[in-house]
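This report refers to the structure that appears directly beneath it.
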Amino acid sequence: MTSEHARWILGGGLASGKSQVRKLLADAGVSTIDADSIGHEVLEPDGAAFREVAATWPQVVVTGRVDRAALAAIVFNDQSQLTRLEKVTHPHIGAEIVRLAGRRPLPVVVEVPILRLSFGDGWNRIVVDSTDETKLARAGARGMSRSDAEARIASQPSRAQWLATADLVIPNHGTLADLEEAVAQAIPYL
């Protein structure tokens, strides 16, 4: 099952279907890592980025914890604030991903919602492709307001930018069954 391209970064922007693809890959026996969960860990009170985030945005600390929704409201509406947050958190997230990936059997797929996050040489990129309208509909179905979803999508690379980086594309324009078939077809290339 494992090819020479055994380390993969899985991306595609807000509500593209990255998490569903990661789940389908994991269900098929592929080793996966979720960068978002690591991102949450570094913001915990004992996490590697907590003190700096709390010092930079004290208004988002509620009862000793980072209120991620309040932090998101700031950073997804101001690119400079998002860049600032990424400079604080990405080194910690990246180091933990590299550590975990080194301990997992190959192939390993890391779900990362950010295009410019890299882990060095030897990594390939899977892009889950969906139109912006499809992403907005999915985000709305999850309870996100259209304006919040639009702000997040606007803060991310465009669909064309995602696709330009892809070594492998998994289309996600239809049903869950369609996505399951697309993932099944992709697995031999991992």
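Starting from 1 in every chain, residues are counted up; chains themselves are A, B, ... following the order of the structure tokens, and ligands are numbered from 1 as listed.
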Excluding stretch 163-169 of chain A and any residue of its chain fewer than 2 positions from it, enumerate the residues within 12 Å of it, using only C-alpha atoms, and give them as a PyMOL selection string. chain A and resi 5+7-13+16+18+21+114-116+118+123-131+157-161+171-172+179+182-183+185-190
For the structure I just gave you, how does DSSP split chain A - specifically, which residues are alpha helix (DSSP H)? Reply as a ChimeraX atom specification. /A:18-27,35-43,50-56,68-75,79-101,132-141,146-155,159-164,176-186
DSSP strand (DSSP E) residues within stretch 9-117 of chain A, listed as a PyMOL selection string: chain A and resi 9-11+31-34+61-62+65-66+108-111
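Nearest-residue note for A:Thr63: choosing from A:Asp132, A:Glu180, A:Asp78, A:Glu44, the minimum distance belongs to A:Glu44, counting only C-alpha atoms.
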Using only C-alpha atoms, determine which residues lie at most 8 Å from A:Val88, disregarding the query and same-chain residues fewer than 4 positions distant; provide the list as a PyMOL selection string. chain A and resi 49+52-53+84+92
Per residue of stretch 50-92 of chain A within 12 Å of stretch 148-153 of chain A, what are the shortest atom pair and its distance in Å to one decimal, counting only C-alpha atoms, with rows by chain and residue number, as a Markdown table?
| residue | atom | partner | partner_atom | distance |
| --- | --- | --- | --- | --- |
| A:Ala69 | CA | A:Asp148 | CA | 11.0 |
| A:Ala72 | CA | A:Arg152 | CA | 9.0 |
| A:Ala73 | CA | A:Asp148 | CA | 8.3 |
| A:Ile74 | CA | A:Ala151 | CA | 10.9 |
| A:Val75 | CA | A:Arg152 | CA | 9.3 |
| A:Phe76 | CA | A:Arg152 | CA | 5.6 |
| A:Asn77 | CA | A:Ala151 | CA | 6.3 |
| A:Asp78 | CA | A:Ala151 | CA | 9.4 |
| A:Gln79 | CA | A:Arg152 | CA | 10.3 |
| A:Leu82 | CA | A:Arg152 | CA | 10.6 |
Same residues, all heavy atoms, saved as an mmCIF file, in the first residue's frame:
data_model
loop_
_atom_site.group_PDB
_atom_site.id
_atom_site.type_symbol
_atom_site.label_atom_id
_atom_site.label_comp_id
_atom_site.auth_asym_id
_atom_site.auth_seq_id
_atom_site.Cartn_x
_atom_site.Cartn_y
_atom_site.Cartn_z
ATOM 1 N N ALA A 69 -13.252 30.934 20.180
ATOM 2 C CA ALA A 69 -14.217 31.656 19.341
ATOM 3 C C ALA A 69 -13.911 33.156 19.358
ATOM 4 O O ALA A 69 -13.957 33.827 18.319
ATOM 5 C CB ALA A 69 -15.640 31.389 19.795
ATOM 6 N N ALA A 72 -10.793 33.654 17.317
ATOM 7 C CA ALA A 72 -11.117 33.525 15.892
ATOM 8 C C ALA A 72 -11.783 34.787 15.363
ATOM 9 O O ALA A 72 -11.505 35.224 14.241
ATOM 10 C CB ALA A 72 -12.014 32.313 15.662
ATOM 11 N N ALA A 73 -12.659 35.381 16.168
ATOM 12 C CA ALA A 73 -13.345 36.604 15.740
ATOM 13 C C ALA A 73 -12.342 37.726 15.469
ATOM 14 O O ALA A 73 -12.549 38.551 14.576
ATOM 15 C CB ALA A 73 -14.359 37.036 16.787
ATOM 16 N N ILE A 74 -11.261 37.728 16.201
ATOM 17 C CA ILE A 74 -10.225 38.745 15.988
ATOM 18 C C ILE A 74 -9.377 38.408 14.764
ATOM 19 O O ILE A 74 -9.226 39.213 13.854
ATOM 20 C CB ILE A 74 -9.325 38.876 17.238
ATOM 21 C CG1 ILE A 74 -10.124 39.433 18.416
ATOM 22 C CG2 ILE A 74 -8.102 39.741 16.936
ATOM 23 C CD1 ILE A 74 -9.403 39.343 19.745
ATOM 24 N N VAL A 75 -8.830 37.211 14.749
ATOM 25 C CA VAL A 75 -7.818 36.899 13.733
ATOM 26 C C VAL A 75 -8.400 36.664 12.342
ATOM 27 O O VAL A 75 -7.725 36.917 11.345
ATOM 28 C CB VAL A 75 -6.908 35.731 14.152
ATOM 29 C CG1 VAL A 75 -6.211 36.053 15.469
ATOM 30 C CG2 VAL A 75 -7.654 34.410 14.227
ATOM 31 N N PHE A 76 -9.639 36.179 12.243
ATOM 32 C CA PHE A 76 -10.189 35.935 10.912
ATOM 33 C C PHE A 76 -10.807 37.180 10.300
ATOM 34 O O PHE A 76 -11.290 37.148 9.176
ATOM 35 C CB PHE A 76 -11.173 34.765 10.927
ATOM 36 C CG PHE A 76 -10.489 33.441 11.118
ATOM 37 C CD1 PHE A 76 -10.740 32.670 12.234
ATOM 38 C CD2 PHE A 76 -9.564 32.986 10.202
ATOM 39 C CE1 PHE A 76 -10.090 31.463 12.432
ATOM 40 C CE2 PHE A 76 -8.894 31.782 10.388
ATOM 41 C CZ PHE A 76 -9.166 31.022 11.500
ATOM 42 N N ASN A 77 -10.753 38.285 11.027
ATOM 43 C CA ASN A 77 -11.210 39.562 10.484
ATOM 44 C C ASN A 77 -10.071 40.562 10.316
ATOM 45 O O ASN A 77 -10.309 41.711 9.957
ATOM 46 C CB ASN A 77 -12.307 40.153 11.382
ATOM 47 C CG ASN A 77 -13.594 39.368 11.253
ATOM 48 O OD1 ASN A 77 -14.152 39.289 10.172
ATOM 49 N ND2 ASN A 77 -14.038 38.773 12.339
ATOM 50 N N ASP A 78 -8.847 40.121 10.582
ATOM 51 C CA ASP A 78 -7.693 41.003 10.454
ATOM 52 C C ASP A 78 -6.475 40.149 10.112
ATOM 53 O O ASP A 78 -5.933 39.439 10.972
ATOM 54 C CB ASP A 78 -7.480 41.752 11.774
ATOM 55 C CG ASP A 78 -6.327 42.735 11.731
ATOM 56 O OD1 ASP A 78 -5.415 42.593 10.888
ATOM 57 O OD2 ASP A 78 -6.338 43.658 12.570
ATOM 58 N N GLN A 79 -6.052 40.208 8.852
ATOM 59 C CA GLN A 79 -4.955 39.359 8.379
ATOM 60 C C GLN A 79 -3.687 39.546 9.194
ATOM 61 O O GLN A 79 -2.968 38.583 9.457
ATOM 62 C CB GLN A 79 -4.684 39.611 6.891
ATOM 63 C CG GLN A 79 -3.663 38.668 6.278
ATOM 64 C CD GLN A 79 -4.082 37.219 6.322
ATOM 65 O OE1 GLN A 79 -5.217 36.875 6.021
ATOM 66 N NE2 GLN A 79 -3.180 36.336 6.713
ATOM 67 N N LEU A 82 -4.025 37.469 12.271
ATOM 68 C CA LEU A 82 -3.900 36.044 11.937
ATOM 69 C C LEU A 82 -2.428 35.683 11.745
ATOM 70 O O LEU A 82 -1.956 34.667 12.269
ATOM 71 C CB LEU A 82 -4.711 35.716 10.688
ATOM 72 C CG LEU A 82 -4.653 34.261 10.209
ATOM 73 C CD1 LEU A 82 -5.155 33.307 11.282
ATOM 74 C CD2 LEU A 82 -5.460 34.097 8.923
#
Surrounding residues of A:Val60 excluding itself and chain neighbours under 4 positions, 8 Å, only C-alpha atoms, as a ChimeraX atom specification: /A:54,66-68,70-71
Best match for closeness to A:Gly140 among A:Leu85, A:Ala177, A:Ala95, A:Leu14, counting only C-alpha atoms: A:Leu14
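In this model, the gap between atom CA of A:Gly120 and atom CA of A:Val98 comes to 9.2 Å.
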